[in-house]
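With compact mmCIF, C-alpha atoms inside, this is final-v4.txt:
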```
# COMPACT_ATOMS: atom_id res chain seq x y z
CA MET R 1 299.01 92.80 118.14
CA SER R 2 297.78 89.24 118.57
CA TYR R 3 295.06 88.52 121.10
CA LYS R 4 295.76 84.78 121.11
CA LEU R 5 298.07 84.89 124.12
CA PRO R 6 295.71 86.89 126.42
CA LEU R 7 292.79 84.69 125.35
CA PHE R 8 294.82 81.55 125.99
CA ALA R 9 295.86 82.85 129.41
CA ALA R 10 292.26 83.71 130.29
CA ALA R 11 291.07 80.27 129.18
CA ALA R 12 293.84 78.58 131.15
CA PHE R 13 292.99 80.62 134.25
CA LEU R 14 289.28 79.80 133.95
CA SER R 15 290.01 76.10 133.41
CA GLY R 16 292.29 76.03 136.44
CA TYR R 17 289.75 77.87 138.56
CA MET R 18 287.00 75.45 137.52
CA LEU R 19 289.23 72.49 138.37
CA ILE R 20 290.03 73.92 141.81
CA SER R 21 286.36 74.75 142.43
CA ASN R 22 285.38 71.18 141.76
CA ARG R 23 288.05 69.74 144.09
CA GLN R 24 287.40 71.91 147.14
CA LEU R 25 285.69 70.49 150.21
CA ARG R 26 284.72 72.83 153.02
CA VAL R 27 283.27 72.25 156.45
CA ASN R 28 280.75 75.04 157.09
CA LYS R 29 279.33 75.56 160.57
CA TYR R 30 275.87 76.92 161.35
CA GLU R 31 273.85 77.57 164.49
CA LEU R 32 270.39 76.06 164.22
CA LYS R 33 267.88 77.43 166.73
CA VAL R 34 264.77 75.32 167.37
CA SER R 35 261.94 76.44 169.64
CA LYS R 36 260.82 72.97 170.74
CA LEU R 37 264.30 71.53 171.10
CA PRO R 38 264.52 69.24 174.17
CA LYS R 39 267.18 70.32 176.66
CA ASN R 40 269.37 67.23 176.24
CA PHE R 41 269.82 68.11 172.55
CA VAL R 42 271.14 71.61 173.17
CA GLY R 43 274.68 71.88 171.81
CA LYS R 44 274.49 68.62 169.84
CA LYS R 45 275.95 68.66 166.32
CA ILE R 46 274.29 67.33 163.19
CA LEU R 47 276.51 66.67 160.19
CA LEU R 48 274.48 67.05 156.97
CA LEU R 49 275.65 65.45 153.72
CA ALA R 50 273.95 65.03 150.35
CA ASP R 51 274.52 64.56 146.63
CA LEU R 52 277.75 62.61 146.57
CA HIS R 53 277.02 61.16 143.12
CA LYS R 54 280.31 59.96 141.56
CA LYS R 55 282.75 62.05 143.61
CA ARG R 56 285.37 60.02 145.50
CA TYR R 57 287.53 62.36 147.66
CA GLY R 58 290.61 60.18 147.69
CA ASP R 59 291.07 56.45 148.12
CA ASN R 60 288.11 54.91 149.93
CA PHE R 61 286.68 58.43 150.44
CA ASN R 62 289.41 59.06 153.02
CA ASN R 63 289.42 62.85 152.65
CA LEU R 64 285.67 63.02 153.17
CA VAL R 65 285.66 60.58 156.08
CA ASN R 66 288.56 62.29 157.84
CA SER R 67 286.80 65.65 157.58
CA CYS R 68 283.67 64.10 159.07
CA ILE R 69 285.66 62.59 161.94
CA ALA R 70 287.31 65.94 162.67
CA ALA R 71 283.89 67.62 162.90
CA GLU R 72 282.97 65.36 165.86
CA PRO R 73 279.24 65.13 165.05
CA ASP R 74 276.64 63.60 167.35
CA PHE R 75 274.47 62.55 164.39
CA ILE R 76 274.94 62.26 160.62
CA PHE R 77 272.09 62.92 158.17
CA PHE R 78 272.56 61.93 154.52
CA ALA R 79 269.82 63.64 152.49
CA GLY R 80 269.86 61.58 149.31
CA ASP R 81 271.71 61.03 146.01
CA LEU R 82 274.41 58.87 147.50
CA TYR R 83 275.07 57.69 143.95
CA SER R 84 274.14 58.68 140.38
CA ARG R 85 271.41 56.86 138.51
CA ASP R 86 273.82 55.26 136.02
CA GLU R 87 276.15 53.79 138.66
CA THR R 88 276.06 50.04 139.14
CA ASP R 89 278.80 49.27 141.68
CA MET R 90 277.37 49.97 145.14
CA ILE R 91 280.23 48.39 147.10
CA PRO R 92 282.21 51.65 147.55
CA LYS R 93 279.08 53.50 148.70
CA LEU R 94 278.23 50.73 151.14
CA ALA R 95 281.77 50.93 152.55
CA LEU R 96 281.50 54.71 152.92
CA MET R 97 278.20 54.54 154.79
CA LYS R 98 279.61 51.89 157.11
CA ARG R 99 282.49 54.23 157.94
CA LEU R 100 280.12 57.13 158.58
CA LYS R 101 277.99 54.97 160.84
CA HIS R 102 281.04 54.30 163.03
CA ILE R 103 281.52 58.06 163.49
CA ALA R 104 277.96 58.75 164.69
CA PRO R 105 274.42 57.37 164.27
CA THR R 106 273.64 57.81 160.59
CA TYR R 107 270.24 58.48 158.98
CA TYR R 108 269.77 58.20 155.21
CA ILE R 109 266.97 58.95 152.74
CA PHE R 110 266.64 58.36 149.02
CA GLY R 111 266.99 61.23 146.54
CA ASN R 112 265.83 61.44 142.96
CA HIS R 113 268.77 59.41 141.65
CA GLU R 114 267.94 56.54 144.00
CA THR R 115 264.31 56.56 142.83
CA ASP R 116 265.57 56.41 139.23
CA ASN R 117 267.57 53.26 140.04
CA MET R 118 265.42 51.37 142.53
CA ASP R 119 267.04 47.98 141.97
CA ASN R 120 270.32 49.33 143.32
CA ALA R 121 268.50 51.32 145.99
CA GLU R 122 266.66 48.29 147.36
CA ALA R 123 269.80 46.15 147.44
CA LEU R 124 271.82 48.90 149.08
CA ALA R 125 269.08 49.63 151.61
CA LEU R 126 269.05 46.00 152.70
CA LYS R 127 272.82 45.97 153.26
CA LEU R 128 272.82 49.33 155.03
CA THR R 129 270.02 48.29 157.36
CA GLU R 130 271.94 45.13 158.25
CA CYS R 131 274.99 47.18 159.26
CA GLY R 132 273.00 49.63 161.38
CA VAL R 133 272.37 52.66 159.15
CA HIS R 134 268.90 54.11 159.76
CA ILE R 135 267.03 54.35 156.45
CA LEU R 136 263.91 56.49 156.48
CA ARG R 137 261.42 55.68 153.74
CA ASN R 138 258.25 57.59 154.53
CA ASN R 139 258.47 56.62 158.18
CA MET R 140 259.55 57.98 161.55
CA GLU R 141 262.05 57.00 164.20
CA GLN R 142 262.91 58.61 167.51
CA ILE R 143 266.35 59.93 168.38
CA LYS R 144 266.77 59.65 172.15
CA ILE R 145 269.16 61.26 174.59
CA GLY R 146 268.33 60.34 178.15
CA GLU R 147 264.64 60.98 178.74
CA ASP R 148 264.37 63.39 175.79
CA HIS R 149 263.64 62.56 172.19
CA ILE R 150 263.17 64.08 168.74
CA ASN R 151 260.95 62.55 166.08
CA ILE R 152 262.86 62.19 162.81
CA TYR R 153 260.90 61.56 159.61
CA GLY R 154 262.26 60.86 156.15
CA THR R 155 260.55 61.09 152.79
CA GLN R 156 260.83 58.82 149.79
CA LEU R 157 259.12 61.09 147.29
CA PRO R 158 257.57 59.58 144.15
CA GLN R 159 259.51 60.13 140.96
CA ARG R 160 256.80 62.41 139.50
CA PHE R 161 257.86 65.21 141.86
CA TYR R 162 261.38 65.25 140.37
CA ARG R 163 260.89 64.64 136.65
CA ASN R 164 258.48 63.55 133.95
CA GLU R 165 258.72 60.15 132.27
CA ASP R 166 260.60 61.70 129.34
CA PHE R 167 263.10 63.24 131.80
CA SER R 168 261.74 66.73 131.20
CA HIS R 169 260.91 69.06 134.10
CA HIS R 170 258.00 71.13 132.85
CA ASP R 171 254.74 71.30 134.82
CA LEU R 172 255.95 69.16 137.71
CA PRO R 173 253.38 68.78 140.52
CA GLN R 174 254.02 70.53 143.81
CA ILE R 175 254.28 68.65 147.07
CA THR R 176 251.46 69.61 149.42
CA LYS R 177 250.78 69.27 153.11
CA ASP R 178 248.08 66.69 152.34
CA GLU R 179 250.46 64.67 150.17
CA LEU R 180 253.01 64.61 152.97
CA THR R 181 250.35 63.49 155.44
CA LYS R 182 249.49 60.57 153.12
CA LEU R 183 253.17 59.60 152.95
CA LEU R 184 254.25 60.24 156.53
CA GLY R 185 251.12 60.43 158.68
CA GLU R 186 250.23 63.28 161.01
CA PRO R 187 253.06 64.53 163.26
CA ASP R 188 252.62 65.25 166.95
CA ARG R 189 252.99 69.02 166.90
CA SER R 190 253.57 69.21 170.63
CA GLU R 191 256.92 67.45 170.07
CA CYS R 192 260.05 68.39 168.15
CA ASN R 193 259.86 67.01 164.60
CA PHE R 194 262.80 66.82 162.18
CA LEU R 195 262.27 65.95 158.51
CA LEU R 196 264.79 64.69 155.97
CA SER R 197 263.54 65.43 152.45
CA HIS R 198 265.86 65.52 149.47
CA THR R 199 264.50 68.59 147.70
CA PRO R 200 264.33 71.87 149.63
CA LEU R 201 262.07 73.55 147.07
CA GLU R 202 258.88 72.57 148.92
CA PHE R 203 259.82 74.20 152.22
CA ARG R 204 256.35 75.70 152.68
CA ALA R 205 254.68 72.28 152.47
CA TYR R 206 257.16 70.74 154.91
CA ALA R 207 256.64 73.55 157.39
CA ASP R 208 252.83 73.49 157.18
CA TRP R 209 252.86 69.70 157.56
CA GLY R 210 254.61 70.13 160.89
CA ALA R 211 258.39 69.92 160.40
CA ASP R 212 260.20 72.13 162.89
CA VAL R 213 263.40 71.62 160.91
CA THR R 214 263.82 70.14 157.42
CA PHE R 215 267.22 68.92 156.17
CA SER R 216 267.78 68.85 152.40
CA GLY R 217 270.28 68.98 149.54
CA HIS R 218 269.43 68.39 145.86
CA CYS R 219 270.20 71.87 144.45
CA HIS R 220 274.02 71.48 144.57
CA GLY R 221 274.32 74.98 145.96
CA GLY R 222 272.78 76.34 142.77
CA VAL R 223 275.64 74.85 140.68
CA ILE R 224 277.19 78.29 140.05
CA ARG R 225 277.16 80.87 142.84
CA LEU R 226 277.38 84.60 142.27
CA PRO R 227 278.20 87.27 144.89
CA PHE R 228 275.09 88.86 146.44
CA ILE R 229 272.85 86.55 144.37
CA GLY R 230 273.63 82.98 145.44
CA GLY R 231 272.95 79.86 143.40
CA ILE R 232 271.64 80.33 139.91
CA LEU R 233 270.35 76.92 138.78
CA SER R 234 268.35 73.99 140.17
CA PRO R 235 268.37 70.38 138.89
CA GLU R 236 264.92 71.13 137.44
CA ARG R 237 266.60 73.63 135.04
CA LYS R 238 265.01 76.53 136.90
CA PHE R 239 266.97 79.74 137.36
CA PHE R 240 267.55 81.33 140.75
CA PRO R 241 265.97 78.69 143.02
CA ARG R 242 264.95 80.08 146.39
CA TYR R 243 266.71 77.53 148.63
CA THR R 244 270.21 76.41 147.67
CA LYS R 245 272.57 76.66 150.65
CA GLY R 246 272.39 77.61 154.32
CA ILE R 247 269.66 78.07 156.93
CA TYR R 248 266.25 79.45 155.98
CA GLU R 249 263.12 80.13 158.05
CA LEU R 250 259.45 80.96 157.61
CA ASN R 251 256.33 81.24 159.74
CA ALA R 252 254.14 78.16 159.53
CA GLU R 253 251.05 76.80 161.26
CA GLN R 254 253.09 75.37 164.15
CA GLY R 255 255.35 78.42 164.49
CA LEU R 256 258.76 79.30 163.11
CA ALA R 257 260.07 76.53 160.86
CA LYS R 258 263.68 76.10 159.75
CA LEU R 259 265.30 74.60 156.65
CA ALA R 260 268.94 73.47 156.47
CA VAL R 261 270.22 73.02 152.91
CA THR R 262 273.68 71.71 152.13
CA ALA R 263 275.43 72.60 148.88
CA GLY R 264 276.30 68.92 148.62
CA LEU R 265 279.38 66.99 147.64
CA GLY R 266 279.32 66.05 143.97
CA LYS R 267 278.52 67.28 140.46
CA PHE R 268 279.99 70.21 138.54
CA ARG R 269 280.17 73.50 140.47
CA LEU R 270 281.71 76.94 140.06
CA ASN R 271 282.53 79.37 142.89
CA ASN R 272 280.64 76.82 144.95
CA PRO R 273 282.86 74.44 146.99
CA SER R 274 281.55 71.05 148.01
CA GLU R 275 280.19 71.19 151.54
CA ILE R 276 280.03 69.29 154.77
CA MET R 277 277.41 71.16 156.78
CA ILE R 278 277.58 71.17 160.57
CA CYS R 279 274.47 72.36 162.43
CA THR R 280 274.83 72.98 166.15
CA LEU R 281 271.44 72.77 167.83
CA GLU R 282 270.37 75.58 170.14
CA ARG R 283 267.10 76.50 171.81
CA GLN R 284 265.07 79.28 170.15
CA GLU R 285 263.95 81.53 172.99
```
Represent the structure of the file as structure tokens.
Amino acid sequence: MSYKLPLFAAAAFLSGYMLISNRQLRVNKYELKVSKLPKNFVGKKILLLADLHKKRYGDNFNNLVNSCIAAEPDFIFFAGDLYSRDETDMIPKLALMKRLKHIAPTYYIFGNHETDNMDNAEALALKLTECGVHILRNNMEQIKIGEDHINIYGTQLPQRFYRNEDFSHHDLPQITKDELTKLLGEPDRSECNFLLSHTPLEFRAYADWGADVTFSGHCHGGVIRLPFIGGILSPERKFFPRYTKGIYELNAEQGLAKLAVTAGLGKFRLNNPSEIMICTLERQE
């Protein structure tokens, strides 16, 4: 009996499944409880995006934009890697960000691919700032609703935290609380502080620095997700990274800190649909 037909069928099934996995886009909703959340922010929705890279989602990103419109967010956070390091045409990405900005106030930080292609990043940042997108590059702005506000910080981490000069990932330095203070300054811990930082892997440092909530991407959901295990690979070629998708928490110096990680939009993935993450803010009692 020949095994060619069963093997061919299995290969065809796997190929089809991989194709479907890479074309899926899901809107996943989470409740995000924050102890210092001002009352006017209760019930507000944050739409978290990251890691678009070269994915298009239809003509002019229509499928992505329509899903974002349907989610009715109050704010949009884009946590880096809007494009891949080898892309040169920024016009489509500029058009996308303009469309997002018309849905809700949009805040954007650079990821590791932006820092690998700073000429494009600088030119894009100038255009985005002109059209009203808030770009956070180791600075803070305030989001205001009535008399209440939240401090929102965004990192632009140096390249050495993502890769070595030869593009290897061995012995990378860890981000520390002191390093964050040098980049961002000292937060007012009596107020509610949000942080956008591309990589979620340094959650402890973000929390000890003073972030009540950190919003990240970078890990692409772990690339391949397995039942009961989660994501299995990080961009640093490390197996079973701790933070890949969802809401995480830990006890820090200022109290209970939260981390929201989106599985992101682009790159190869298996059993790991692309994600638009919606976080509804609630008060932690």
Do you have the CA of Val213 in chain R-CA of Ala257 in chain R distance handy? 5.9 Å
Using only C-alpha atoms, determine which residues lie at most 12 Å from Gln156 in chain R, disregarding the query and same-chain residues fewer than 4 positions distant; provide the list as a ChimeraX atom specification. /R:79-81,108-116,118,121,135-140,160-162,179-180,182-184,195-199
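Closest approach to Glu285 in chain R from the set R:Ala71, R:Val34, R:Ile76, R:Leu25 is made by R:Val34, with distances taken over all atoms listed in the file.
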Residue with smallest distance to Arg242 in chain R - pool R:Val223, R:Ile276, R:Ala125, R:Leu201, counting all atoms listed in the file: R:Leu201
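Proximity of R:Asn62, R:Ser84, R:Gln174, R:Asn40 to Ile145 in chain R, computed with all atoms listed in the file, is greatest for R:Asn40.
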Excluding Val65 in chain R and residues on its chain fewer than 3 positions from it, collect all residues at most 9 Å away from it, counting all atoms listed in the file, and give them as a PyMOL selection string. chain R and resi 57+60-62+68-70+96+99-100+103
If we count all atoms listed in the file and set the cut-off at 8 Å, which residues sit around range 41-48 of chain R, ignoring sequence neighbours fewer than 5 positions away in its own chain? Please answer as an NGL selection string. :R and (68 or 71-79 or 145 or 148 or 215 or 262 or 276-283)
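From CA of Arg204 in chain R back to CA of Lys33 in chain R, the distance works out to 18.3 Å.
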Pick the closest to Asp212 in chain R from R:Gly231, R:Pro187, R:Gly266, R:Gly246: which is it, counting all atoms listed in the file?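 Nearest candidate to Asp212 in chain R out of R:Gly231, R:Pro187, R:Gly266, R:Gly246: R:Pro187.
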Considering all atoms listed in the file, return as number ranges by chain whatever protein or nucleic-acid residues lie within 9 Å of Leu259 in chain R, sequence-local ones (same chain, fewer than 4 positions apart) excluded. R: 200, 203, 207, 212-216, 243, 246-250
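Counting all atoms listed in the file, the residue from R:Gln142, R:Glu253, R:Pro235, R:Leu124 that sits nearest to Phe167 in chain R is R:Pro235.
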Distance query Leu94 in chain R at most 7 Å, all atoms listed in the file, self and fewer than 4 positions along chain excluded, as a list in words: Met90, Lys98, Leu124 and Leu128 of chain R
Could you jot down the CA of Thr181 in chain R to CA of Ala252 in chain R separation for me, Å, one decimal place?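 Going from CA of Thr181 in chain R over to CA of Ala252 in chain R, I get 15.7 Å.
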Tell me which of R:Lys144, R:His169, R:Arg225, R:His218 sits closest to Pro38 in chain R, counting all atoms listed in the file.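 Ranked by minimum distance to Pro38 in chain R, first place goes to R:Lys144.
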Model the absent atoms of range 205-216 of chain R so that all heavy atoms are present, and write the result as a CSV table (one decimal), in the frame of the given file.
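Writing done, so here's out.csv:
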```csv
chain,number,residue,atom,x,y,z
R,205,ALA,N,255.5,73.5,152.2
R,205,ALA,CA,254.7,72.3,152.5
R,205,ALA,C,255.2,71.5,153.7
R,205,ALA,O,254.5,71.1,154.5
R,205,ALA,CB,254.7,71.4,151.2
R,206,TYR,N,256.6,71.4,153.8
R,206,TYR,CA,257.2,70.7,154.9
R,206,TYR,C,256.8,71.4,156.2
R,206,TYR,O,256.5,70.8,157.2
R,206,TYR,CB,258.7,70.7,154.8
R,206,TYR,CG,259.2,70.1,153.5
R,206,TYR,CD1,260.4,70.5,152.9
R,206,TYR,CD2,258.6,69.0,152.9
R,206,TYR,CE1,260.9,69.9,151.8
R,206,TYR,CE2,259.1,68.5,151.7
R,206,TYR,CZ,260.2,68.9,151.2
R,206,TYR,OH,260.7,68.4,150.0
R,207,ALA,N,256.9,72.8,156.2
R,207,ALA,CA,256.6,73.6,157.4
R,207,ALA,C,255.2,73.4,157.8
R,207,ALA,O,254.9,73.2,159.0
R,207,ALA,CB,257.0,75.0,157.2
R,208,ASP,N,254.3,73.6,156.8
R,208,ASP,CA,252.8,73.5,157.2
R,208,ASP,C,252.4,72.1,157.6
R,208,ASP,O,251.5,71.9,158.4
R,208,ASP,CB,252.0,73.9,156.0
R,208,ASP,CG,252.0,75.4,155.8
R,208,ASP,OD1,252.4,76.2,156.7
R,208,ASP,OD2,251.7,75.9,154.7
R,209,TRP,N,253.1,71.1,157.1
R,209,TRP,CA,252.9,69.7,157.6
R,209,TRP,C,253.2,69.5,159.0
R,209,TRP,O,252.5,68.8,159.8
R,209,TRP,CB,253.7,68.7,156.7
R,209,TRP,CG,253.7,67.3,157.2
R,209,TRP,CD1,252.6,66.4,157.1
R,209,TRP,CD2,254.7,66.7,158.0
R,209,TRP,NE1,253.0,65.2,157.8
R,209,TRP,CE2,254.3,65.4,158.3
R,209,TRP,CE3,256.0,67.1,158.4
R,209,TRP,CZ2,255.0,64.5,159.0
R,209,TRP,CZ3,256.7,66.2,159.1
R,209,TRP,CH2,256.3,64.9,159.4
R,210,GLY,N,254.3,70.2,159.5
R,210,GLY,CA,254.6,70.1,160.9
R,210,GLY,C,256.1,69.9,161.2
R,210,GLY,O,256.5,69.6,162.3
R,211,ALA,N,256.9,70.1,160.2
R,211,ALA,CA,258.4,69.9,160.4
R,211,ALA,C,258.9,71.2,161.1
R,211,ALA,O,258.8,72.3,160.5
R,211,ALA,CB,259.1,69.7,159.1
R,212,ASP,N,259.5,71.0,162.2
R,212,ASP,CA,260.2,72.1,162.9
R,212,ASP,C,261.5,72.5,162.2
R,212,ASP,O,261.8,73.6,162.0
R,212,ASP,CB,260.5,71.8,164.4
R,212,ASP,CG,259.2,71.6,165.2
R,212,ASP,OD1,258.5,72.6,165.3
R,212,ASP,OD2,258.9,70.5,165.6
R,213,VAL,N,262.2,71.4,161.7
R,213,VAL,CA,263.4,71.6,160.9
R,213,VAL,C,263.4,70.6,159.8
R,213,VAL,O,263.1,69.4,160.0
R,213,VAL,CB,264.7,71.5,161.7
R,213,VAL,CG1,265.9,71.8,160.8
R,213,VAL,CG2,264.7,72.3,163.0
R,214,THR,N,263.7,71.0,158.6
R,214,THR,CA,263.8,70.1,157.4
R,214,THR,C,265.3,70.2,157.0
R,214,THR,O,265.9,71.3,156.9
R,214,THR,CB,262.9,70.6,156.3
R,214,THR,OG1,261.5,70.5,156.7
R,214,THR,CG2,263.1,69.6,155.1
R,215,PHE,N,265.8,69.0,156.6
R,215,PHE,CA,267.2,68.9,156.2
R,215,PHE,C,267.2,68.4,154.7
R,215,PHE,O,266.6,67.4,154.4
R,215,PHE,CB,268.0,67.9,157.1
R,215,PHE,CG,268.1,68.4,158.5
R,215,PHE,CD1,267.1,68.0,159.4
R,215,PHE,CD2,269.2,69.1,158.9
R,215,PHE,CE1,267.2,68.4,160.7
R,215,PHE,CE2,269.3,69.5,160.3
R,215,PHE,CZ,268.3,69.2,161.2
R,216,SER,N,267.9,69.1,153.8
R,216,SER,CA,267.8,68.8,152.4
R,216,SER,C,269.1,69.1,151.7
R,216,SER,O,270.1,69.6,152.3
R,216,SER,CB,266.7,69.7,151.7
R,216,SER,OG,265.4,69.5,152.2
```
